[in-house]
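**Q** Input file: structure_4.cif. Contents: mmCIF, C-alpha atoms and all ligand atoms.
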data_target
#
loop_
_atom_site.label_atom_id
_atom_site.label_comp_id
_atom_site.auth_asym_id
_atom_site.auth_seq_id
_atom_site.Cartn_x
_atom_site.Cartn_y
_atom_site.Cartn_z
CA MET A 24 156.20 54.63 113.32
CA ASN A 25 155.30 52.18 110.58
CA PRO A 26 153.17 49.23 111.62
CA ARG A 27 154.72 45.84 110.90
CA THR A 28 153.46 42.31 111.02
CA ILE A 29 155.54 39.24 111.73
CA GLN A 30 154.97 35.51 111.77
CA ILE A 31 155.92 33.48 114.86
CA HIS A 32 155.25 29.75 114.68
CA ASP A 33 151.65 29.48 113.44
CA CYS A 34 150.51 32.99 114.42
CA GLU A 35 150.63 36.47 112.98
CA PHE A 36 151.52 39.42 115.22
CA SER A 37 151.39 43.16 114.55
CA THR A 38 153.28 46.01 116.20
CA TYR A 39 151.44 47.30 119.25
CA ILE A 40 153.66 49.26 121.68
CA PHE A 41 156.78 50.74 120.16
CA GLU A 42 160.12 50.84 121.97
CA GLU A 43 159.90 54.62 122.30
CA GLU A 44 156.69 54.41 124.33
CA ILE A 45 158.01 51.50 126.39
CA ILE A 46 161.11 53.49 127.36
CA ALA A 47 159.07 56.62 128.16
CA ARG A 48 156.85 54.64 130.50
CA ILE A 49 159.77 52.85 132.11
CA THR A 50 161.49 56.20 132.70
CA MET A 51 158.43 57.42 134.64
CA LEU A 52 158.39 54.22 136.67
CA ALA A 53 162.09 54.65 137.51
CA GLU A 54 161.44 58.19 138.77
CA GLN A 55 158.63 56.94 140.97
CA LEU A 56 160.80 54.16 142.42
CA ASP A 57 163.63 56.62 143.06
CA LYS A 58 161.26 58.76 145.14
CA ASP A 59 159.66 55.88 147.04
CA TYR A 60 162.86 53.95 147.78
CA ALA A 61 165.44 56.74 148.14
CA GLU A 62 166.37 55.76 151.70
CA LYS A 63 165.35 52.11 151.66
CA ARG A 64 168.13 50.33 149.77
CA PRO A 65 165.63 48.02 148.05
CA LEU A 66 166.28 44.50 146.83
CA PHE A 67 164.91 44.10 143.30
CA LEU A 68 163.92 40.53 142.50
CA ALA A 69 163.64 40.10 138.74
CA VAL A 70 161.58 37.14 137.59
CA LEU A 71 163.28 35.48 134.61
CA ASN A 72 163.01 34.96 131.68
CA GLY A 73 160.38 37.45 130.57
CA SER A 74 161.55 40.44 132.60
CA PHE A 75 165.13 40.66 131.33
CA MET A 76 164.78 43.64 128.99
CA PHE A 77 162.44 45.50 131.31
CA VAL A 78 164.80 45.03 134.24
CA ALA A 79 167.83 46.30 132.34
CA ASP A 80 166.05 49.37 130.97
CA LEU A 81 164.36 50.15 134.31
CA LEU A 82 167.27 49.71 136.68
CA LYS A 83 169.80 51.66 134.63
CA ARG A 84 167.42 54.61 135.10
CA VAL A 85 167.19 54.46 138.90
CA SER A 86 169.83 56.15 141.02
CA MET A 87 169.08 55.04 144.59
CA PRO A 88 171.42 52.47 146.14
CA CYS A 89 169.86 49.07 145.45
CA GLU A 90 170.55 45.37 145.06
CA ILE A 91 169.42 43.28 142.11
CA SER A 92 168.89 39.55 142.07
CA PHE A 93 167.32 37.14 139.60
CA ILE A 94 164.88 34.36 140.32
CA ARG A 95 162.95 31.81 138.32
CA LEU A 96 159.65 30.17 139.07
CA ALA A 97 159.20 26.45 138.50
CA SER A 98 155.74 24.93 138.40
CA TYR A 99 155.12 21.86 140.48
CA GLN A 100 152.02 20.12 141.72
CA ASP A 101 151.48 20.91 145.38
CA MET A 102 150.68 17.72 147.32
CA HIS A 103 148.35 19.61 149.63
CA SER A 104 146.33 21.58 147.13
CA THR A 105 144.74 20.97 143.78
CA GLY A 106 146.28 23.98 142.07
CA LYS A 107 149.71 24.40 140.56
CA VAL A 108 152.14 26.23 142.80
CA LYS A 109 155.32 27.88 141.63
CA GLU A 110 158.50 27.24 143.51
CA ILE A 111 161.07 30.03 143.77
CA LEU A 112 164.47 29.08 142.35
CA GLY A 113 167.65 31.05 142.85
CA LEU A 114 166.65 33.19 145.82
CA ASN A 115 169.88 33.16 147.81
CA GLU A 116 169.36 36.42 149.67
CA ASP A 117 167.96 36.61 153.19
CA ILE A 118 165.04 38.99 152.61
CA GLU A 119 164.03 39.33 156.26
CA GLY A 120 163.67 43.03 157.07
CA ARG A 121 164.42 44.04 153.46
CA HIS A 122 162.35 46.22 151.15
CA VAL A 123 161.68 43.88 148.22
CA VAL A 124 160.42 44.92 144.78
CA VAL A 125 159.43 42.08 142.46
CA LEU A 126 159.99 42.85 138.77
CA GLU A 127 157.66 41.04 136.37
CA ASP A 128 157.05 41.09 132.64
CA ILE A 129 153.26 40.80 132.76
CA VAL A 130 150.44 40.23 135.22
CA ASP A 131 147.57 38.37 133.59
CA THR A 132 145.33 36.37 135.97
CA GLY A 133 147.66 37.38 138.80
CA HIS A 134 148.04 33.76 139.83
CA THR A 135 151.84 33.80 139.49
CA VAL A 136 152.38 37.02 141.40
CA HIS A 137 149.84 36.08 144.07
CA GLY A 138 151.68 32.81 144.79
CA LEU A 139 155.07 34.49 144.70
CA LEU A 140 154.00 37.21 147.16
CA GLN A 141 152.65 34.60 149.58
CA GLN A 142 155.98 32.78 149.59
CA LEU A 143 158.03 35.96 149.92
CA ARG A 144 155.91 37.22 152.84
CA GLU A 145 156.62 34.01 154.76
CA ARG A 146 160.24 35.17 154.85
CA ASN A 147 159.32 38.38 156.75
CA PRO A 148 160.52 41.17 154.48
CA ALA A 149 159.98 44.75 155.68
CA SER A 150 157.82 45.33 152.58
CA VAL A 151 157.07 43.74 149.22
CA GLU A 152 155.76 45.54 146.15
CA VAL A 153 155.40 44.52 142.52
CA ALA A 154 156.55 46.45 139.47
CA THR A 155 155.38 45.06 136.16
CA LEU A 156 155.93 46.09 132.58
CA LEU A 157 152.43 45.07 131.49
CA MET A 158 149.19 44.31 133.25
CA LYS A 159 145.86 43.00 131.96
CA PRO A 160 143.41 44.35 134.55
CA ASP A 161 140.41 42.65 132.92
CA CYS A 162 142.01 39.23 133.49
CA LEU A 163 142.90 39.61 137.17
CA GLN A 164 141.51 36.82 139.35
CA HIS A 165 143.17 37.75 142.64
CA PRO A 166 142.76 40.82 144.84
CA LEU A 167 146.27 42.00 143.97
CA ASP A 168 147.62 45.44 144.65
CA VAL A 169 150.23 45.96 141.93
CA LYS A 170 151.70 49.32 142.82
CA TYR A 171 153.93 49.94 139.79
CA VAL A 172 152.58 49.29 136.31
CA ALA A 173 154.33 50.65 133.22
CA ARG A 174 151.42 49.96 130.86
CA GLU A 175 147.95 48.41 131.13
CA ILE A 176 146.73 46.42 128.14
CA PRO A 177 143.47 44.69 127.21
CA ASN A 178 143.15 40.92 127.09
CA ASP A 179 145.35 40.31 124.02
CA PHE A 180 148.28 37.92 123.75
CA VAL A 181 151.49 39.90 123.28
CA VAL A 182 155.12 39.08 122.47
CA GLY A 183 158.40 40.96 122.28
CA TYR A 184 160.56 43.00 124.64
CA GLY A 185 161.24 39.89 126.74
CA LEU A 186 157.92 38.12 126.22
CA ASP A 187 157.84 34.94 124.16
CA TYR A 188 155.45 32.82 122.19
CA ASN A 189 156.62 29.22 122.62
CA GLY A 190 160.23 30.31 122.98
CA LEU A 191 160.37 32.87 120.20
CA GLY A 192 160.03 36.64 120.15
CA ARG A 193 161.81 37.65 123.35
CA ASN A 194 164.47 39.60 121.46
CA LEU A 195 162.04 41.90 119.64
CA ARG A 196 162.55 45.54 120.60
CA ASP A 197 158.85 46.44 120.26
CA ILE A 198 155.79 44.71 121.70
CA TYR A 199 153.50 42.95 119.22
CA LYS A 200 149.98 41.65 119.65
CA ILE A 201 148.42 38.63 118.09
CA VAL A 202 146.29 39.15 114.98
CA PRO A 203 143.06 37.23 115.57
P1 LIG B 301 149.41 34.98 135.38
O1 LIG B 301 149.90 34.01 136.38
O2 LIG B 301 149.34 36.41 135.87
O3 LIG B 301 148.11 34.55 134.75
O4 LIG B 301 150.38 34.92 134.15
C1 LIG B 301 151.65 35.35 134.22
C2 LIG B 301 152.52 34.68 133.17
O5 LIG B 301 151.76 34.24 132.02
C3 LIG B 301 153.49 35.69 132.65
O6 LIG B 301 154.64 35.76 133.45
C4 LIG B 301 153.74 35.20 131.25
O7 LIG B 301 154.74 34.22 131.25
C5 LIG B 301 152.43 34.55 130.83
N1 LIG B 301 151.60 35.49 130.03
C6 LIG B 301 150.42 36.02 130.38
N2 LIG B 301 149.93 36.82 129.40
C7 LIG B 301 150.85 36.78 128.41
C8 LIG B 301 150.93 37.41 127.11
O8 LIG B 301 150.05 38.17 126.64
N3 LIG B 301 152.03 37.13 126.37
C9 LIG B 301 153.03 36.30 126.80
N4 LIG B 301 154.05 36.11 125.99
N5 LIG B 301 152.99 35.70 128.02
C10 LIG B 301 151.91 35.94 128.81
MG MG B 302 156.45 36.67 134.29
MG MG B 303 156.16 32.46 128.33
#
What do you get writing this file as structure tokens?
Ligand code: 5GP
Ligand code: MG
Ligand code: MG
**A**
Amino acid sequence: MNPRTIQIHDCEFSTYIFEEEIIARITMLAEQLDKDYAEKRPLFLAVLNGSFMFVADLLKRVSMPCEISFIRLASYQDMHSTGKVKEILGLNEDIEGRHVVVLEDIVDTGHTVHGLLQQLRERNPASVEVATLLMKPDCLQHPLDVKYVAREIPNDFVVGYGLDYNGLGRNLRDIYKIVP
């Protein structure tokens, strides 16, 4: 596949992971989920906006009975801690006793997923796992066990296939990385 570079805002990006590889990796992930959740009727919780393409391509490849719901995370300053906490918006399902699979675009420091898992566990699900399109293992700052990872990447800023740079780039079919 021919490498391409594009300009987004003030930065240059070059092709990094082509759609063909993304789909191949997602297909393997779907097979794994089908095996692990065959009898569990999982509830997939897709974290918007970044996960939208990943979620569509992943879940049309699974065949177990499942439910799909979409949530957003809003940052707010927790009165009782110094750090930023993310509030879950749009979670209307009762997840008690359910097998929940969180679908994320990318795990970087792990801060987002760590906070999300803490809040979900307070609601007593039967299990919670995370499936992410991308993961930067070198950046992880929490002892997170991310069970399903489509592709690990080094510490580079990427856009495309759902991921944005200041609002742009989500619609790109391939993943691009920033040119330093
Ligand atoms: P974390 O909380 O794991 O540090 O970061 C997770 C969030 O940071 C992601 O959901 C995403 O919005 C953003 N993020 C982290 N790395 C990247 C990247 O390389 N590209 C883009 N577009 N967003 C990123
Ligand atoms: Mg995300
Ligand atoms: Mg973003």
**Q** Could you jot down the CA of Phe67 in chain A to atom C4 of ligand LIG 301 (chain B) separation for me, Å, one decimal place?
**A** 18.7 Å
**Q** With distances taken over all atoms listed in the file, which residue among A:Ser86, A:Thr28, A:Gln142, A:Asn194 lies nearest Asn72 in chain A?
**A**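 Under the stated criterion, the closest residue is A:Asn194.
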**Q** Please provide the set of residues having any atom within 9 Å of range 170-185 of chain A, restricted to only C-alpha atoms, with same-chain residues fewer than 5 positions apart removed, written as a PyMOL selection string.
**A** chain A and resi 36+39+42+45+48-49+51-52+55-56+72-77+128+131+152-162+191-201
**Q** Between A:Ile91, A:Leu81, A:Val130, A:Cys34, single out the one closest to ligand LIG 301 (chain B), counting all atoms listed in the file.
**A**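 Of the candidates, the smallest distance to ligand LIG 301 (chain B) is held by A:Val130.
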**Q** Between A:Gln141, A:Ser150, A:Ser37, A:Thr132, which one has atoms that come closest to ligand MG 302 (chain B), using all atoms listed in the file?
**A**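 Comparing A:Gln141, A:Ser150, A:Ser37, A:Thr132 against ligand MG 302 (chain B), the winner is A:Thr132.
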